[in-house]
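Engineer: Take this structure first; my questions come after.
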Amino acid sequence: MPTASYASSTVELGDLKRILVRRRFLILLTAALLTLGALLYGLFTPALYSSVSEILIDPQDLQVVTNDVNPSRVPPDGGITMVESQVSVVQSTGVLLRAIQATNLTEDPEFNGEGGLLGRLLGGVLGSGSAETDRTGKTLDALRRRLAVKRADKVLVLDVIVTAKSADKAAKLANAIAQAYLADQASARAKMATDASDSITARLDEQRKRVQQAENAVEAYKSAHNMVMAAGNLVSDQELTELNTQLSAAQSRTAALKAQVDQLRRSGGAPDATSEAMRSSVISSLRAQEATLVDQVSQLGTELGPRHPSMIAAQQQLRDTRALIARELGRIGAAAETDYERALANQQALEAKVAGMKSKSLDTDQASVRLRELQRDLEAVRSVYATYLQRAQETREQINVDSTNARIISNAMPALKKSWPPLPLLVFGALFGGLGLGTALALIAEYSSPTVLSSAQMQSAIDAPVFGVLPAKSGSGRRWWPFGGGAAAAAGQKIDAVAGLALRRLFASSRRPPNWPLVPSILLTSPPEDAAHRGRVARLLANAAAARGSRVLFIDTNAGSGKKEPQPGLLDVLRGEYAFEALSQHTPGSNVAVLGRGRQKAVFSEAQGVYFTQHMLAQAGRNFDLVVVDGGALADNLNASPLVAMVDEIVMVATLNSTPMRDVKAASQAISVMGRLPTGALLVDEAA
């Protein structure tokens, strides 16, 4: 029975390398198939080209008119949300239908669903409605699949990306969609202006009727109270104002004329000193003529004398001139008196009229209060009507004005390189994806059919210790058969060290009773697929013991099974037909003796086999220090059951990352059926 119990062990990270190395062909095959598929797809898939048209959208619209139907306000987030919403607008049905109509895309087989036999068949089976409607719908769906609208971070620019089989077609569609978006925005704003204008115009009739009613009320009130208006004021008030103005002017003129008359009266005999005489052109002319005549008389008096006829004529002209001046001054004084009297009379008449108008105005003051109230109502209604009328005109003009602050900053150009399929990227992705998928399949395969991955797993499976892990590759020139000193000397130091350590651990864990008469013995077994490694390990242990001076009996239950005439061996000894000493053969130059399988010509009972086995091991103790038995696969080799019952150690051999765990459990169950349990295990590492 085992001395310790080992907890179950799961796959550890270090075991993954073993799994991947063992399943490398599955991983590489998966990666190769995916890479080949991606390569074929990239070579045979029609090339697609992508073109980009860039639209700049300013959240603040153009301020064309003061009272715009679409007020221009910048949102708190700087317009990012508004521009984000325009991404959906660009992809809307209205915009795309405009682009489809502009490019006549419904006639393009690439987009209208009539590009191949499959498309025509599906169109015939699934089509519903008119052919034109179906074609437009298919074109719209195809264009949506080929369209991508994106906005980079922190910018107000939309990238309209269209993919098509032709680079020119992709650029044409991208530009058409960008133009359709601008046209759609202008149309939407024009429709908003039209709706606003229609709504305001519908209210104009009501406002016009209210103005007419207010005007009729004012006119009716004025007619009822005999109030004549001119220029917005009562005629009586205007007349009173004009009379007051005339009266003020008349009073001023009367005062001025009175002062003039008073001055003339104060001048007495010298009226020519007044300002009126000084301003008179006639007086001035006569004064000049008088001065000339005075000079002439003075000159004639000096030259001719006082009695000369010329002197007398000149003096007479001087007297006549002065008489004319006197008469003109008299006329000026009389005219001033006359003007004063007229001005005074006019002033008195105006004062009388003003007094009459004032008495009449007092009668209309009470009626004017109500009239002014009606006029204020009329002005308010007129103001509202004028506002409506002006707003209607503004909105009507905005129908033809596009205030959208969006423009195409980069027209799409035909692409120089295809955008799909990206062959290097596909191959690269398929290669690494295949490696990943292959790794996943390898792990799934390992999980569905687990193998021995580590010593911990083996210990938990057989509930016994693992005495060592042996490299699968032997040293240079290493031979495992036949036994001999040369072979042992050529063995690698590492393998010898591991084998020697395994032997020491085997004997250290052995529970042989003191003075046990049987020779120490080890039986090695394994699943059927590990037969080669099992035989190699058995010979390795025998050589390792012999190299340290022990005399070893090596029993091979498989040797001679393939010969037509096998030599006598173990089976013959177990049947009692041959003595053990007669069959054991020493290898020349070695401390190892070999006993083959023998002839399997008759069946022996288990009790008989156990007896002769015990007898054989007792006899072997006289000449040997250790017996190593290659017991084969016990599930298929029932002839070894007597040996299982009598040997000291039963060691199971398995290969790391190769031996299925189900075979290990089957071998362990076969040993338990024979009445024993494995006492340990040795593992072979093919990767070492």
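Residues in the structure tokens are numbered from 1 in each chain, the chains being A, B, ... in the order shown, and ligands are numbered from 1 in the order shown.
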If we count only C-alpha atoms and set the cut-off at 9 Å, which residues sit around range 514-530 of chain A, ignoring sequence neighbours fewer than 5 positions away in its own chain? Please answer as a ChimeraX atom specification.
Structural biologist: /A:506-507,535,537-538,614-622,624-636,643-644,646-655,658-660,663-664,666-667,681
Engineer: Counting only C-alpha atoms, what is within 8 Å of Pro465 in chain A, bar same-chain residues fewer than 4 positions away, as a list of chain:residue names?
Structural biologist: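 Here the answer would be A:Gln459, A:Thr679, A:Gly680, A:Ala681.
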Engineer: Take CA of Gly576 in chain A and CA of Pro678 in chain A and report the distance between them in Å, one decimal.
Structural biologist: 27.9 Å
Engineer: I'd like the interatomic distance between CA of Ala687 in chain A and CA of Thr35 in chain A, to a tenth of an Å.
Structural biologist: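 For CA of Ala687 in chain A relative to CA of Thr35 in chain A, the distance reads 28.2 Å.
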Engineer: From the DSSP assignment of the backbone, select every residue of range 567-665 of chain A that is strand (DSSP E), and format the answer as a ChimeraX atom specification.
Structural biologist: /A:585-586,592-595,626-632,649-655
Engineer: Could those selected residues go to a file with all heavy atoms, as a compact mmCIF listing (two decimals), in the first residue's frame?
Structural biologist:
# COMPACT_ATOMS: atom_id res chain seq x y z
N GLN A 585 21.11 -16.28 -18.21
CA GLN A 585 22.32 -16.15 -19.02
C GLN A 585 23.00 -14.82 -18.70
O GLN A 585 22.37 -13.76 -18.74
CB GLN A 585 21.98 -16.19 -20.52
CG GLN A 585 21.28 -17.46 -20.95
CD GLN A 585 20.84 -17.41 -22.41
OE1 GLN A 585 21.07 -16.42 -23.09
NE2 GLN A 585 20.24 -18.50 -22.87
N HIS A 586 24.27 -14.89 -18.37
CA HIS A 586 25.04 -13.68 -18.09
C HIS A 586 25.52 -13.04 -19.39
O HIS A 586 25.96 -13.73 -20.30
CB HIS A 586 26.23 -14.02 -17.19
CG HIS A 586 25.85 -14.21 -15.75
ND1 HIS A 586 25.75 -13.17 -14.86
CD2 HIS A 586 25.53 -15.33 -15.05
CE1 HIS A 586 25.41 -13.62 -13.68
NE2 HIS A 586 25.26 -14.96 -13.77
N VAL A 592 25.08 -8.20 -15.50
CA VAL A 592 23.66 -8.39 -15.77
C VAL A 592 23.44 -9.76 -16.40
O VAL A 592 24.13 -10.12 -17.37
CB VAL A 592 23.12 -7.29 -16.70
CG1 VAL A 592 21.64 -7.50 -16.98
CG2 VAL A 592 23.36 -5.92 -16.08
N ALA A 593 22.45 -10.48 -15.86
CA ALA A 593 22.00 -11.74 -16.46
C ALA A 593 20.62 -11.53 -17.00
O ALA A 593 19.80 -10.80 -16.43
CB ALA A 593 22.00 -12.85 -15.42
N VAL A 594 20.31 -12.17 -18.13
CA VAL A 594 19.06 -11.94 -18.84
C VAL A 594 18.25 -13.22 -18.85
O VAL A 594 18.78 -14.31 -19.12
CB VAL A 594 19.32 -11.46 -20.28
CG1 VAL A 594 18.01 -11.23 -21.01
CG2 VAL A 594 20.16 -10.19 -20.27
N LEU A 595 16.93 -13.05 -18.60
CA LEU A 595 15.99 -14.16 -18.69
C LEU A 595 14.86 -13.73 -19.59
O LEU A 595 14.17 -12.74 -19.32
CB LEU A 595 15.45 -14.55 -17.31
CG LEU A 595 14.44 -15.70 -17.28
CD1 LEU A 595 15.09 -17.00 -17.79
CD2 LEU A 595 13.89 -15.90 -15.88
N LEU A 626 19.80 -7.87 -7.32
CA LEU A 626 18.59 -7.14 -7.76
C LEU A 626 18.00 -7.84 -8.96
O LEU A 626 18.74 -8.33 -9.82
CB LEU A 626 18.93 -5.68 -8.15
CG LEU A 626 17.78 -4.83 -8.71
CD1 LEU A 626 16.71 -4.60 -7.64
CD2 LEU A 626 18.32 -3.49 -9.22
N VAL A 627 16.66 -7.88 -9.02
CA VAL A 627 15.93 -8.41 -10.16
C VAL A 627 15.10 -7.28 -10.75
O VAL A 627 14.30 -6.66 -10.04
CB VAL A 627 15.03 -9.60 -9.77
CG1 VAL A 627 14.19 -10.03 -10.98
CG2 VAL A 627 15.85 -10.75 -9.25
N VAL A 628 15.31 -7.01 -12.02
CA VAL A 628 14.54 -6.00 -12.75
C VAL A 628 13.69 -6.72 -13.78
O VAL A 628 14.23 -7.46 -14.62
CB VAL A 628 15.46 -4.97 -13.43
CG1 VAL A 628 14.62 -3.95 -14.21
CG2 VAL A 628 16.32 -4.26 -12.40
N VAL A 629 12.37 -6.51 -13.72
CA VAL A 629 11.44 -7.22 -14.59
C VAL A 629 10.75 -6.20 -15.50
O VAL A 629 10.15 -5.23 -15.01
CB VAL A 629 10.39 -7.99 -13.77
CG1 VAL A 629 9.44 -8.74 -14.72
CG2 VAL A 629 11.06 -8.94 -12.81
N ASP A 630 10.86 -6.43 -16.79
CA ASP A 630 10.05 -5.67 -17.77
C ASP A 630 8.74 -6.41 -17.90
O ASP A 630 8.61 -7.38 -18.64
CB ASP A 630 10.78 -5.58 -19.11
CG ASP A 630 9.99 -4.76 -20.12
OD1 ASP A 630 8.88 -4.29 -19.78
OD2 ASP A 630 10.49 -4.58 -21.25
N GLY A 631 7.73 -5.95 -17.13
CA GLY A 631 6.46 -6.68 -17.05
C GLY A 631 5.52 -6.42 -18.20
O GLY A 631 4.43 -7.01 -18.24
N GLY A 632 5.86 -5.53 -19.12
CA GLY A 632 4.98 -5.25 -20.24
C GLY A 632 3.74 -4.49 -19.80
O GLY A 632 3.67 -3.92 -18.71
N GLU A 649 8.66 -3.89 -5.68
CA GLU A 649 8.24 -2.60 -6.20
C GLU A 649 7.59 -2.78 -7.57
O GLU A 649 8.08 -3.55 -8.40
CB GLU A 649 9.44 -1.64 -6.34
CG GLU A 649 10.22 -1.43 -5.07
CD GLU A 649 9.45 -0.63 -4.04
OE1 GLU A 649 8.50 0.10 -4.44
OE2 GLU A 649 9.79 -0.69 -2.84
N ILE A 650 6.48 -2.08 -7.76
CA ILE A 650 5.80 -2.05 -9.06
C ILE A 650 5.86 -0.61 -9.55
O ILE A 650 5.22 0.29 -8.99
CB ILE A 650 4.35 -2.54 -8.97
CG1 ILE A 650 4.31 -3.97 -8.42
CG2 ILE A 650 3.66 -2.44 -10.31
CD1 ILE A 650 2.90 -4.49 -8.20
N VAL A 651 6.65 -0.38 -10.56
CA VAL A 651 6.90 0.98 -11.07
C VAL A 651 6.22 1.13 -12.43
O VAL A 651 6.43 0.30 -13.32
CB VAL A 651 8.40 1.25 -11.18
CG1 VAL A 651 8.64 2.65 -11.74
CG2 VAL A 651 9.08 1.10 -9.82
N MET A 652 5.44 2.18 -12.55
CA MET A 652 4.75 2.46 -13.81
C MET A 652 5.55 3.49 -14.61
O MET A 652 6.01 4.49 -14.06
CB MET A 652 3.34 2.99 -13.57
CG MET A 652 2.53 3.18 -14.85
SD MET A 652 0.84 3.70 -14.53
CE MET A 652 0.20 2.25 -13.67
N VAL A 653 5.73 3.19 -15.88
CA VAL A 653 6.47 4.07 -16.78
C VAL A 653 5.47 4.78 -17.70
O VAL A 653 4.58 4.13 -18.28
CB VAL A 653 7.50 3.28 -17.61
CG1 VAL A 653 8.22 4.22 -18.58
CG2 VAL A 653 8.50 2.61 -16.69
N ALA A 654 5.60 6.10 -17.82
CA ALA A 654 4.73 6.88 -18.71
C ALA A 654 5.56 7.98 -19.35
O ALA A 654 6.63 8.36 -18.85
CB ALA A 654 3.55 7.48 -17.94
N THR A 655 5.06 8.49 -20.45
CA THR A 655 5.75 9.54 -21.21
C THR A 655 5.04 10.86 -20.99
O THR A 655 3.81 10.96 -21.17
CB THR A 655 5.79 9.21 -22.70
OG1 THR A 655 6.37 7.91 -22.87
CG2 THR A 655 6.61 10.24 -23.46
Engineer: Taking into account only C-alpha atoms, which residue in the set A:Gly305, A:Gly42, A:Gly596, A:Pro422 is nearest to Thr557 in chain A?
Structural biologist: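 Selected residue with least distance to Thr557 in chain A: A:Gly596.
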Engineer: Could you list, as number ranges by chain, every residue within 9 Å of Leu173 in chain A, counting only C-alpha atoms and ignoring same-chain residues fewer than 6 positions away?
Structural biologist: A: 51, 99-100, 103, 105, 162-164, 412
Engineer: Considering only C-alpha atoms, return as an MDAnalysis selection string whatever protein or nucleic-acid residues lie within 6 Å of range 413-420 of chain A, sequence-local ones (same chain, fewer than 3 positions apart) excluded.
Structural biologist: chainID A and resid 47:51 167:168 171
Engineer: What is the CA of Ala288 in chain A-CA of Gln317 in chain A distance in Å, reported with one decimal?
Structural biologist: 13.1 Å
Engineer: Between A:Leu20, A:Val157, A:Ala188, A:Ala531, which is the closest to Ser53 in chain A once you count only C-alpha atoms?
Structural biologist: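 For Ser53 in chain A, the nearest of the given residues is A:Val157.
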